[in-house]
>>> print(open('input-v9.pdb').read())   # PDB, C-alpha atoms
ATOM      1  CA  MET A  20       3.627   4.685  23.153  1.00  0.00           C
ATOM      2  CA  LYS A  21       1.598   7.856  23.252  1.00  0.00           C
ATOM      3  CA  ILE A  22      -0.499   8.377  20.112  1.00  0.00           C
ATOM      4  CA  HIS A  23       0.266  11.757  18.587  1.00  0.00           C
ATOM      5  CA  PRO A  24      -2.488  13.855  16.997  1.00  0.00           C
ATOM      6  CA  ILE A  25      -2.734  13.604  13.220  1.00  0.00           C
ATOM      7  CA  LYS A  26      -2.312  16.758  11.171  1.00  0.00           C
ATOM      8  CA  LYS A  27      -4.924  17.498   8.524  1.00  0.00           C
ATOM      9  CA  SER A  28      -2.173  17.778   5.928  1.00  0.00           C
ATOM     10  CA  GLU A  29      -1.029  14.249   6.771  1.00  0.00           C
ATOM     11  CA  LEU A  30      -4.555  12.895   6.436  1.00  0.00           C
ATOM     12  CA  TRP A  31      -5.099  14.597   3.091  1.00  0.00           C
ATOM     13  CA  LEU A  32      -1.774  13.321   1.794  1.00  0.00           C
ATOM     14  CA  ALA A  33      -2.753   9.773   2.741  1.00  0.00           C
ATOM     15  CA  GLN A  34      -6.166  10.222   1.095  1.00  0.00           C
ATOM     16  CA  THR A  35      -4.532  11.516  -2.091  1.00  0.00           C
ATOM     17  CA  VAL A  36      -2.129   8.588  -2.236  1.00  0.00           C
ATOM     18  CA  LEU A  37      -5.045   6.240  -1.577  1.00  0.00           C
ATOM     19  CA  PHE A  38      -6.942   7.578  -4.595  1.00  0.00           C
ATOM     20  CA  ILE A  39      -3.794   7.230  -6.708  1.00  0.00           C
ATOM     21  CA  ALA A  40      -3.698   3.531  -5.786  1.00  0.00           C
ATOM     22  CA  ILE A  41      -7.320   3.122  -6.873  1.00  0.00           C
ATOM     23  CA  LEU A  42      -6.623   4.945 -10.155  1.00  0.00           C
ATOM     24  CA  LEU A  43      -3.673   2.621 -10.790  1.00  0.00           C
ATOM     25  CA  GLN A  44      -5.951  -0.374 -10.273  1.00  0.00           C
ATOM     26  CA  ILE A  45      -8.454   1.088 -12.725  1.00  0.00           C
ATOM     27  CA  ALA A  46      -5.612   1.507 -15.238  1.00  0.00           C
ATOM     28  CA  VAL A  47      -4.627  -2.158 -14.879  1.00  0.00           C
ATOM     29  CA  HIS A  48      -8.208  -3.357 -15.289  1.00  0.00           C
ATOM     30  CA  SER A  49      -8.777  -1.090 -18.291  1.00  0.00           C
ATOM     31  CA  ILE A  50      -5.913  -2.794 -20.139  1.00  0.00           C
ATOM     32  CA  SER A  51      -7.493  -6.224 -19.823  1.00  0.00           C
ATOM     33  CA  ARG A  52     -10.335  -7.860 -17.913  1.00  0.00           C
ATOM     34  CA  ASP A  53      -8.079 -10.887 -17.613  1.00  0.00           C
ATOM     35  CA  PHE A  54      -6.046  -9.004 -15.001  1.00  0.00           C
ATOM     36  CA  ALA A  55      -8.726  -9.221 -12.312  1.00  0.00           C
ATOM     37  CA  PHE A  56     -10.565 -11.930 -10.406  1.00  0.00           C
ATOM     38  CA  GLY A  57     -14.298 -11.734  -9.835  1.00  0.00           C
ATOM     39  CA  PRO A  58     -16.481  -8.630 -10.262  1.00  0.00           C
ATOM     40  CA  HIS A  59     -13.595  -6.164 -10.488  1.00  0.00           C
ATOM     41  CA  TYR A  60     -15.831  -3.214 -11.402  1.00  0.00           C
ATOM     42  CA  LEU A  61     -17.883  -3.816  -8.257  1.00  0.00           C
ATOM     43  CA  ILE A  62     -14.686  -3.962  -6.216  1.00  0.00           C
ATOM     44  CA  ILE A  63     -13.429  -0.692  -7.719  1.00  0.00           C
ATOM     45  CA  VAL A  64     -16.780   1.047  -7.112  1.00  0.00           C
ATOM     46  CA  THR A  65     -16.774  -0.181  -3.505  1.00  0.00           C
ATOM     47  CA  GLU A  66     -13.222   1.110  -3.021  1.00  0.00           C
ATOM     48  CA  VAL A  67     -14.133   4.531  -4.451  1.00  0.00           C
ATOM     49  CA  ILE A  68     -17.236   4.843  -2.263  1.00  0.00           C
ATOM     50  CA  LEU A  69     -15.336   3.852   0.890  1.00  0.00           C
ATOM     51  CA  ALA A  70     -12.451   6.217   0.041  1.00  0.00           C
ATOM     52  CA  ILE A  71     -14.847   9.134  -0.523  1.00  0.00           C
ATOM     53  CA  LEU A  72     -16.740   8.453   2.715  1.00  0.00           C
ATOM     54  CA  LEU A  73     -13.503   8.193   4.676  1.00  0.00           C
ATOM     55  CA  GLY A  74     -12.262  11.380   3.023  1.00  0.00           C
ATOM     56  CA  PHE A  75     -15.305  13.361   4.120  1.00  0.00           C
ATOM     57  CA  THR A  76     -14.976  12.033   7.674  1.00  0.00           C
ATOM     58  CA  SER A  77     -11.182  12.335   7.903  1.00  0.00           C
ATOM     59  CA  THR A  78     -11.240  14.785  10.810  1.00  0.00           C
ATOM     60  CA  THR A  79     -14.239  13.499  12.757  1.00  0.00           C
ATOM     61  CA  ARG A  80     -13.130   9.878  12.726  1.00  0.00           C
ATOM     62  CA  HIS A  81      -9.834  10.811  14.365  1.00  0.00           C
ATOM     63  CA  GLU A  82     -11.763  12.615  17.078  1.00  0.00           C
ATOM     64  CA  SER A  83     -14.463  10.011  17.678  1.00  0.00           C
ATOM     65  CA  ARG A  84     -12.513   6.844  16.752  1.00  0.00           C
ATOM     66  CA  ASN A  85     -15.781   5.252  15.678  1.00  0.00           C
ATOM     67  CA  LEU A  86     -15.747   1.471  15.193  1.00  0.00           C
ATOM     68  CA  LEU A  87     -17.594   1.893  11.878  1.00  0.00           C
ATOM     69  CA  HIS A  88     -14.800   4.099  10.533  1.00  0.00           C
ATOM     70  CA  ARG A  89     -12.221   1.577  11.675  1.00  0.00           C
ATOM     71  CA  ASN A  90     -13.970  -1.336   9.971  1.00  0.00           C
ATOM     72  CA  ALA A  91     -14.482   0.682   6.776  1.00  0.00           C
ATOM     73  CA  SER A  92     -10.788   1.621   6.656  1.00  0.00           C
ATOM     74  CA  ILE A  93      -9.641  -1.959   7.205  1.00  0.00           C
ATOM     75  CA  LEU A  94     -12.119  -3.208   4.578  1.00  0.00           C
ATOM     76  CA  LEU A  95     -10.864  -0.650   2.057  1.00  0.00           C
ATOM     77  CA  LEU A  96      -7.206  -1.550   2.558  1.00  0.00           C
ATOM     78  CA  GLY A  97      -8.083  -5.238   2.438  1.00  0.00           C
ATOM     79  CA  LEU A  98      -9.924  -4.865  -0.870  1.00  0.00           C
ATOM     80  CA  ILE A  99      -7.075  -2.919  -2.461  1.00  0.00           C
ATOM     81  CA  SER A 100      -4.517  -5.456  -1.211  1.00  0.00           C
ATOM     82  CA  ILE A 101      -6.448  -8.500  -2.451  1.00  0.00           C
ATOM     83  CA  ALA A 102      -7.218  -6.888  -5.809  1.00  0.00           C
ATOM     84  CA  ASN A 103      -3.593  -5.861  -6.326  1.00  0.00           C
ATOM     85  CA  ILE A 104      -2.132  -9.255  -5.418  1.00  0.00           C
ATOM     86  CA  SER A 105      -4.715 -10.940  -7.667  1.00  0.00           C
ATOM     87  CA  SER A 106      -3.722  -8.667 -10.550  1.00  0.00           C
ATOM     88  CA  PHE A 107      -0.056  -9.408  -9.814  1.00  0.00           C
ATOM     89  CA  VAL A 108      -0.682 -13.156 -10.146  1.00  0.00           C
ATOM     90  CA  LEU A 109      -2.648 -12.751 -13.397  1.00  0.00           C
ATOM     91  CA  VAL A 110      -0.201 -10.287 -14.983  1.00  0.00           C
ATOM     92  CA  GLY A 111       2.683 -12.528 -13.946  1.00  0.00           C
ATOM     93  CA  ARG A 112       1.030 -15.486 -15.638  1.00  0.00           C
ATOM     94  CA  SER A 113       0.517 -13.436 -18.804  1.00  0.00           C
ATOM     95  CA  LEU A 114       4.131 -12.258 -18.765  1.00  0.00           C
ATOM     96  CA  ILE A 115       5.361 -15.838 -18.460  1.00  0.00           C
ATOM     97  CA  VAL A 116       3.041 -17.719 -20.847  1.00  0.00           C
ATOM     98  CA  GLY A 117       2.172 -14.786 -23.123  1.00  0.00           C
ATOM     99  CA  GLN A 118      -1.207 -13.659 -24.476  1.00  0.00           C
ATOM    100  CA  SER A 119      -1.729 -12.822 -28.127  1.00  0.00           C
ATOM    101  CA  ASN A 120      -4.336 -10.139 -27.420  1.00  0.00           C
ATOM    102  CA  ILE A 121      -2.127  -8.180 -24.996  1.00  0.00           C
ATOM    103  CA  THR A 122       1.025  -6.386 -26.123  1.00  0.00           C
ATOM    104  CA  GLY A 123       4.321  -6.402 -24.260  1.00  0.00           C
ATOM    105  CA  TYR A 124       3.992  -2.691 -23.532  1.00  0.00           C
ATOM    106  CA  GLU A 125       0.541  -3.205 -21.971  1.00  0.00           C
ATOM    107  CA  LEU A 126       1.898  -5.977 -19.766  1.00  0.00           C
ATOM    108  CA  LEU A 127       4.823  -3.791 -18.738  1.00  0.00           C
ATOM    109  CA  VAL A 128       2.558  -0.828 -17.900  1.00  0.00           C
ATOM    110  CA  SER A 129       0.328  -3.143 -15.839  1.00  0.00           C
ATOM    111  CA  ALA A 130       3.325  -4.497 -13.922  1.00  0.00           C
ATOM    112  CA  VAL A 131       4.564  -0.962 -13.162  1.00  0.00           C
ATOM    113  CA  ALA A 132       1.084   0.040 -11.920  1.00  0.00           C
ATOM    114  CA  ILE A 133       0.934  -3.027  -9.677  1.00  0.00           C
ATOM    115  CA  PHE A 134       4.417  -2.280  -8.315  1.00  0.00           C
ATOM    116  CA  LEU A 135       3.455   1.314  -7.431  1.00  0.00           C
ATOM    117  CA  THR A 136       0.145   0.191  -5.910  1.00  0.00           C
ATOM    118  CA  ASN A 137       2.082  -2.325  -3.831  1.00  0.00           C
ATOM    119  CA  ILE A 138       4.198   0.486  -2.373  1.00  0.00           C
ATOM    120  CA  ILE A 139       1.158   2.628  -1.558  1.00  0.00           C
ATOM    121  CA  VAL A 140      -1.033  -0.043   0.003  1.00  0.00           C
ATOM    122  CA  PHE A 141       1.739  -1.390   2.251  1.00  0.00           C
ATOM    123  CA  ALA A 142       2.622   2.143   3.349  1.00  0.00           C
ATOM    124  CA  LEU A 143      -1.003   2.533   4.408  1.00  0.00           C
ATOM    125  CA  TRP A 144      -0.920  -0.813   6.255  1.00  0.00           C
ATOM    126  CA  TYR A 145       2.294   0.141   8.096  1.00  0.00           C
ATOM    127  CA  TRP A 146       0.801   3.505   9.023  1.00  0.00           C
ATOM    128  CA  GLU A 147      -2.413   1.835  10.159  1.00  0.00           C
ATOM    129  CA  MET A 148      -0.612  -0.764  12.243  1.00  0.00           C
ATOM    130  CA  ASP A 149       2.002   1.412  13.927  1.00  0.00           C
ATOM    131  CA  SER A 150       0.241   4.791  14.044  1.00  0.00           C
ATOM    132  CA  PRO A 151      -3.356   6.112  14.129  1.00  0.00           C
ATOM    133  CA  GLY A 152      -3.554   5.742  10.346  1.00  0.00           C
ATOM    134  CA  LEU A 153      -6.789   6.082   8.401  1.00  0.00           C
ATOM    135  CA  THR A 154      -8.899   4.777  11.271  1.00  0.00           C
ATOM    136  CA  GLY A 155      -7.628   7.203  13.916  1.00  0.00           C
ATOM    137  CA  SER A 156      -6.668   4.339  16.208  1.00  0.00           C
ATOM    138  CA  LYS A 157      -3.740   1.956  15.661  1.00  0.00           C
ATOM    139  CA  TRP A 158      -4.824  -1.689  15.552  1.00  0.00           C
ATOM    140  CA  SER A 159      -1.591  -3.115  16.922  1.00  0.00           C
ATOM    141  CA  LYS A 160      -1.496  -3.734  20.665  1.00  0.00           C
ATOM    142  CA  ASN A 161       2.282  -3.396  20.730  1.00  0.00           C
ATOM    143  CA  ASP A 162       3.974  -0.267  22.006  1.00  0.00           C
ATOM    144  CA  LYS A 163       5.498   0.094  18.535  1.00  0.00           C
ATOM    145  CA  ASP A 164       6.012  -2.195  15.566  1.00  0.00           C
ATOM    146  CA  PHE A 165       8.812  -0.265  13.852  1.00  0.00           C
ATOM    147  CA  GLN A 166      11.939   1.356  15.226  1.00  0.00           C
ATOM    148  CA  PHE A 167      12.936   4.475  13.300  1.00  0.00           C
ATOM    149  CA  THR A 168      16.380   6.088  13.359  1.00  0.00           C
ATOM    150  CA  GLN A 169      15.037   9.190  15.119  1.00  0.00           C
ATOM    151  CA  GLN A 170      13.717   6.983  17.925  1.00  0.00           C
ATOM    152  CA  ASP A 171      17.241   5.661  18.460  1.00  0.00           C
ATOM    153  CA  ASN A 172      18.389   9.261  18.928  1.00  0.00           C
ATOM    154  CA  SER A 173      15.758  10.567  21.308  1.00  0.00           C
ATOM    155  CA  ALA A 174      18.154  13.188  22.652  1.00  0.00           C
ATOM    156  CA  ASP A 175      18.359  14.820  19.216  1.00  0.00           C
ATOM    157  CA  PHE A 176      14.669  14.225  18.386  1.00  0.00           C
ATOM    158  CA  PRO A 177      12.877  14.458  21.758  1.00  0.00           C
ATOM    159  CA  SER A 178       9.347  14.907  20.429  1.00  0.00           C
ATOM    160  CA  TRP A 179       9.641  13.126  17.075  1.00  0.00           C
ATOM    161  CA  GLN A 180       6.814  10.866  15.907  1.00  0.00           C
ATOM    162  CA  PRO A 181       6.577   8.992  12.583  1.00  0.00           C
ATOM    163  CA  SER A 182       4.155  10.399  10.019  1.00  0.00           C
ATOM    164  CA  PHE A 183       2.634   8.908   6.874  1.00  0.00           C
ATOM    165  CA  VAL A 184       5.605  10.089   4.802  1.00  0.00           C
ATOM    166  CA  ASP A 185       7.919   7.978   6.972  1.00  0.00           C
ATOM    167  CA  TYR A 186       5.840   4.861   6.332  1.00  0.00           C
ATOM    168  CA  LEU A 187       5.667   5.681   2.613  1.00  0.00           C
ATOM    169  CA  TYR A 188       9.468   5.901   2.534  1.00  0.00           C
ATOM    170  CA  LEU A 189       9.702   2.647   4.520  1.00  0.00           C
ATOM    171  CA  SER A 190       7.444   0.928   1.990  1.00  0.00           C
ATOM    172  CA  SER A 191       9.372   2.351  -0.985  1.00  0.00           C
ATOM    173  CA  SER A 192      12.768   1.258   0.341  1.00  0.00           C
ATOM    174  CA  ASN A 193      11.453  -2.207   1.207  1.00  0.00           C
ATOM    175  CA  ALA A 194       9.922  -2.598  -2.265  1.00  0.00           C
ATOM    176  CA  ILE A 195      13.147  -1.639  -4.050  1.00  0.00           C
ATOM    177  CA  ASN A 196      15.837  -2.960  -1.688  1.00  0.00           C
ATOM    178  CA  PHE A 197      13.746  -5.827  -0.207  1.00  0.00           C
ATOM    179  CA  ALA A 198      14.778  -4.406   3.169  1.00  0.00           C
ATOM    180  CA  ALA A 199      14.134  -1.216   5.083  1.00  0.00           C
ATOM    181  CA  ALA A 200      16.817   1.418   4.628  1.00  0.00           C
ATOM    182  CA  ASP A 201      16.862   2.838   8.165  1.00  0.00           C
ATOM    183  CA  THR A 202      13.887   1.305   9.982  1.00  0.00           C
ATOM    184  CA  ARG A 203      13.679  -2.037  11.803  1.00  0.00           C
ATOM    185  CA  PRO A 204      10.524  -4.172  12.097  1.00  0.00           C
ATOM    186  CA  LEU A 205      10.143  -5.220  15.733  1.00  0.00           C
ATOM    187  CA  THR A 206       7.112  -7.509  15.811  1.00  0.00           C
ATOM    188  CA  PRO A 207       6.112 -10.683  13.921  1.00  0.00           C
ATOM    189  CA  GLN A 208       3.247  -8.864  12.178  1.00  0.00           C
ATOM    190  CA  ALA A 209       5.539  -6.073  10.997  1.00  0.00           C
ATOM    191  CA  LYS A 210       8.087  -8.600   9.727  1.00  0.00           C
ATOM    192  CA  SER A 211       5.356 -10.631   8.017  1.00  0.00           C
ATOM    193  CA  LEU A 212       3.962  -7.595   6.196  1.00  0.00           C
ATOM    194  CA  MET A 213       7.416  -6.469   5.094  1.00  0.00           C
ATOM    195  CA  GLY A 214       8.270  -9.992   3.949  1.00  0.00           C
ATOM    196  CA  LEU A 215       5.068 -10.256   1.913  1.00  0.00           C
ATOM    197  CA  GLN A 216       5.663  -6.866   0.308  1.00  0.00           C
ATOM    198  CA  ALA A 217       9.274  -7.727  -0.539  1.00  0.00           C
ATOM    199  CA  MET A 218       8.210 -11.022  -2.109  1.00  0.00           C
ATOM    200  CA  VAL A 219       5.570  -9.372  -4.332  1.00  0.00           C
ATOM    201  CA  SER A 220       7.988  -6.586  -5.275  1.00  0.00           C
ATOM    202  CA  ALA A 221      10.818  -9.000  -6.100  1.00  0.00           C
ATOM    203  CA  PHE A 222       8.681 -11.040  -8.488  1.00  0.00           C
ATOM    204  CA  THR A 223       7.125  -7.927 -10.035  1.00  0.00           C
ATOM    205  CA  LEU A 224      10.523  -6.307 -10.644  1.00  0.00           C
ATOM    206  CA  ALA A 225      11.901  -9.555 -12.088  1.00  0.00           C
ATOM    207  CA  LEU A 226       8.988  -9.824 -14.513  1.00  0.00           C
ATOM    208  CA  MET A 227       9.249  -6.134 -15.427  1.00  0.00           C
ATOM    209  CA  ILE A 228      12.959  -6.461 -16.202  1.00  0.00           C
ATOM    210  CA  ALA A 229      12.402  -9.645 -18.210  1.00  0.00           C
ATOM    211  CA  ARG A 230       9.633  -8.049 -20.270  1.00  0.00           C
ATOM    212  CA  SER A 231      11.685  -4.868 -20.788  1.00  0.00           C
ATOM    213  CA  VAL A 232      14.618  -6.916 -22.123  1.00  0.00           C
ATOM    214  CA  ASN A 233      12.225  -8.784 -24.404  1.00  0.00           C
ATOM    215  CA  ILE A 234      10.710  -5.559 -25.754  1.00  0.00           C
ATOM    216  CA  LEU A 235      14.086  -3.896 -26.285  1.00  0.00           C
ATOM    217  CA  GLY A 236      15.402  -7.045 -27.917  1.00  0.00           C
TER     218      GLY A 236
END
>>> encode(input="input-v9.pdb", output="structure tokens")
Amino acid sequence: MKIHPIKKSELWLAQTVLFIAILLQIAVHSISRDFAFGPHYLIIVTEVILAILLGFTSTTRHESRNLLHRNASILLLGLISIANISSFVLVGRSLIVGQSNITGYELLVSAVAIFLTNIIVFALWYWEMDSPGLTGSKWSKNDKDFQFTQQDNSADFPSWQPSFVDYLYLSSSNAINFAAADTRPLTPQAKSLMGLQAMVSAFTLALMIARSVNILG
């Protein structure tokens, strides 16, 4: 599959969404230190620094495809993913067993933030895997990992290529429906990522609904 050039608007949209994910993690950690493993402030600072550096080099890295940029992008997404799943486990434990120093509303807000972060970070992973993504060079060796509806109708969309918005929609539909609305995963890695996202989303939504019922009751 020929790699299409990335528009600056697409890169800036991805960078904006990336910073939103980091802000959501900060919100979760500000509610309680019990919602993070390890030195969470150091992790957040590292994420911010990497995001800023990648933001300033958004155009040049897609032209040079530097290995350093690639490693930094993968490291950033990895840190956000690990931190978010860790927070999910800790918030889930608090929702189940209860903590006297944390209110039901705080737990619910934390769960919502984790759910939204889950959508963002998996959208970035899908974009990175199947398209040039943040690094400027897709890391999958497959021709394509996802089959979009427009690709099934090449006669009607002869020059169509998926953009970040398409992967964001894919991630949103998978998080809510636990299945893609109009896109099929083709490779084991794509199916594994979608399965992991659906599992985290299912448990997060279940805990959110349970806590909401408890609060309203």
>>> closest_residue(input="input-v9.pdb", among="A:Phe141, A:Phe167, A:Trp31, A:Phe38", to="Leu205 of chain A", atoms="all atoms listed in the file")
A:Phe167
>>> resolve_selection(input="input-v9.pdb", expression="the PyMOL selection byres ((chain A and resi 139) around 8)", output="PDB file with C-alpha atoms, in the frame of the given file")
ATOM      1  CA  VAL A  36      -2.129   8.588  -2.236  1.00  0.00           C
ATOM      2  CA  LEU A  37      -5.045   6.240  -1.577  1.00  0.00           C
ATOM      3  CA  ALA A  40      -3.698   3.531  -5.786  1.00  0.00           C
ATOM      4  CA  LEU A 135       3.455   1.314  -7.431  1.00  0.00           C
ATOM      5  CA  THR A 136       0.145   0.191  -5.910  1.00  0.00           C
ATOM      6  CA  ASN A 137       2.082  -2.325  -3.831  1.00  0.00           C
ATOM      7  CA  ILE A 138       4.198   0.486  -2.373  1.00  0.00           C
ATOM      8  CA  VAL A 140      -1.033  -0.043   0.003  1.00  0.00           C
ATOM      9  CA  PHE A 141       1.739  -1.390   2.251  1.00  0.00           C
ATOM     10  CA  ALA A 142       2.622   2.143   3.349  1.00  0.00           C
ATOM     11  CA  LEU A 143      -1.003   2.533   4.408  1.00  0.00           C
ATOM     12  CA  LEU A 187       5.667   5.681   2.613  1.00  0.00           C
ATOM     13  CA  SER A 190       7.444   0.928   1.990  1.00  0.00           C
TER      14      SER A 190
END
>>> atom_distance(input="input-v9.pdb", atom1="atom CA of Asp175 of chain A", atom2="atom CA of Glu147 of chain A")
26.1 Å
>>> residues_around(input="input-v9.pdb", residues="Leu126 of chain A", least_positions_apart="4", cutoff="7 Å", atoms="only C-alpha atoms", output="VMD selection string")
chain A and resid 110 114 121 to 122 130
>>> residues_around(input="input-v9.pdb", residues="segment 207-220 of chain A", least_positions_apart="3", cutoff="8 Å", atoms="all atoms listed in the file", output="PyMOL selection string")
chain A and resi 104+107+134+137-138+141+145+164-165+193-195+197-198+204+223-224
>>> closest_residue(input="input-v9.pdb", among="A:Val131, A:Ile71, A:Ala221, A:Leu109", to="Arg52 of chain A", atoms="only C-alpha atoms")
A:Leu109
>>> closest_residue(input="input-v9.pdb", among="A:Ala33, A:Val108, A:Leu42, A:Val67", to="Asp185 of chain A", atoms="all atoms listed in the file")
A:Ala33
>>> resolve_selection(input="input-v9.pdb", expression="the PyMOL selection byres ((chain A and resi 129) around 9)", output="JSON, numbers by chain")
{"A": [43, 44, 46, 47, 48, 50, 54, 106, 107, 110, 124, 125, 126, 127, 128, 130, 131, 132, 133, 134]}
>>> write_last_selection(input="input-v9.pdb", atoms="C-alpha atoms", output="PDB file, in the coordinates of the input")
ATOM      1  CA  LEU A  43      -3.673   2.621 -10.790  1.00  0.00           C
ATOM      2  CA  GLN A  44      -5.951  -0.374 -10.273  1.00  0.00           C
ATOM      3  CA  ALA A  46      -5.612   1.507 -15.238  1.00  0.00           C
ATOM      4  CA  VAL A  47      -4.627  -2.158 -14.879  1.00  0.00           C
ATOM      5  CA  HIS A  48      -8.208  -3.357 -15.289  1.00  0.00           C
ATOM      6  CA  ILE A  50      -5.913  -2.794 -20.139  1.00  0.00           C
ATOM      7  CA  PHE A  54      -6.046  -9.004 -15.001  1.00  0.00           C
ATOM      8  CA  SER A 106      -3.722  -8.667 -10.550  1.00  0.00           C
ATOM      9  CA  PHE A 107      -0.056  -9.408  -9.814  1.00  0.00           C
ATOM     10  CA  VAL A 110      -0.201 -10.287 -14.983  1.00  0.00           C
ATOM     11  CA  TYR A 124       3.992  -2.691 -23.532  1.00  0.00           C
ATOM     12  CA  GLU A 125       0.541  -3.205 -21.971  1.00  0.00           C
ATOM     13  CA  LEU A 126       1.898  -5.977 -19.766  1.00  0.00           C
ATOM     14  CA  LEU A 127       4.823  -3.791 -18.738  1.00  0.00           C
ATOM     15  CA  VAL A 128       2.558  -0.828 -17.900  1.00  0.00           C
ATOM     16  CA  ALA A 130       3.325  -4.497 -13.922  1.00  0.00           C
ATOM     17  CA  VAL A 131       4.564  -0.962 -13.162  1.00  0.00           C
ATOM     18  CA  ALA A 132       1.084   0.040 -11.920  1.00  0.00           C
ATOM     19  CA  ILE A 133       0.934  -3.027  -9.677  1.00  0.00           C
ATOM     20  CA  PHE A 134       4.417  -2.280  -8.315  1.00  0.00           C
TER      21      PHE A 134
END
>>> resolve_selection(input="input-v9.pdb", expression="the PyMOL selection byres ((chain A and resi 169) around 12)", output="tab-separated table (two decimals) with C-alpha atoms, in the frame of the given file")
chain	number	residue	atom	x	y	z
A	165	PHE	CA	8.81	-0.26	13.85
A	166	GLN	CA	11.94	1.36	15.23
A	167	PHE	CA	12.94	4.47	13.30
A	168	THR	CA	16.38	6.09	13.36
A	170	GLN	CA	13.72	6.98	17.92
A	171	ASP	CA	17.24	5.66	18.46
A	172	ASN	CA	18.39	9.26	18.93
A	173	SER	CA	15.76	10.57	21.31
A	174	ALA	CA	18.15	13.19	22.65
A	175	ASP	CA	18.36	14.82	19.22
A	176	PHE	CA	14.67	14.22	18.39
A	177	PRO	CA	12.88	14.46	21.76
A	178	SER	CA	9.35	14.91	20.43
A	179	TRP	CA	9.64	13.13	17.08
A	180	GLN	CA	6.81	10.87	15.91
A	181	PRO	CA	6.58	8.99	12.58
A	185	ASP	CA	7.92	7.98	6.97
A	201	ASP	CA	16.86	2.84	8.16
A	202	THR	CA	13.89	1.30	9.98
A	203	ARG	CA	13.68	-2.04	11.80
>>> axis_aligned_box(input="input-v9.pdb", around="segment 145-149 of chain A", padding_each_side="6 Å", output="lines of an AutoDock Vina configuration file")
center_x = -0.1
center_y = 1.4
center_z = 11.0
size_x = 16.7
size_y = 16.3
size_z = 17.8
>>> atom_distance(input="input-v9.pdb", atom1="atom CA of Ile115 of chain A", atom2="atom CA of Ser49 of chain A")
20.4 Å
>>> atom_distance(input="input-v9.pdb", atom1="atom CA of Trp144 of chain A", atom2="atom CA of Ser92 of chain A")
10.2 Å
>>> residues_near_point(input="input-v9.pdb", point="(-13.0, 2.7, 0.8)", cutoff="8 Å", atoms="all atoms listed in the file", output="PDB file with C-alpha atoms, in the coordinates of the input")
ATOM      1  CA  THR A  65     -16.774  -0.181  -3.505  1.00  0.00           C
ATOM      2  CA  GLU A  66     -13.222   1.110  -3.021  1.00  0.00           C
ATOM      3  CA  VAL A  67     -14.133   4.531  -4.451  1.00  0.00           C
ATOM      4  CA  ILE A  68     -17.236   4.843  -2.263  1.00  0.00           C
ATOM      5  CA  LEU A  69     -15.336   3.852   0.890  1.00  0.00           C
ATOM      6  CA  ALA A  70     -12.451   6.217   0.041  1.00  0.00           C
ATOM      7  CA  ILE A  71     -14.847   9.134  -0.523  1.00  0.00           C
ATOM      8  CA  LEU A  72     -16.740   8.453   2.715  1.00  0.00           C
ATOM      9  CA  LEU A  73     -13.503   8.193   4.676  1.00  0.00           C
ATOM     10  CA  ALA A  91     -14.482   0.682   6.776  1.00  0.00           C
ATOM     11  CA  SER A  92     -10.788   1.621   6.656  1.00  0.00           C
ATOM     12  CA  LEU A  94     -12.119  -3.208   4.578  1.00  0.00           C
ATOM     13  CA  LEU A  95     -10.864  -0.650   2.057  1.00  0.00           C
ATOM     14  CA  LEU A  96      -7.206  -1.550   2.558  1.00  0.00           C
TER      15      LEU A  96
END
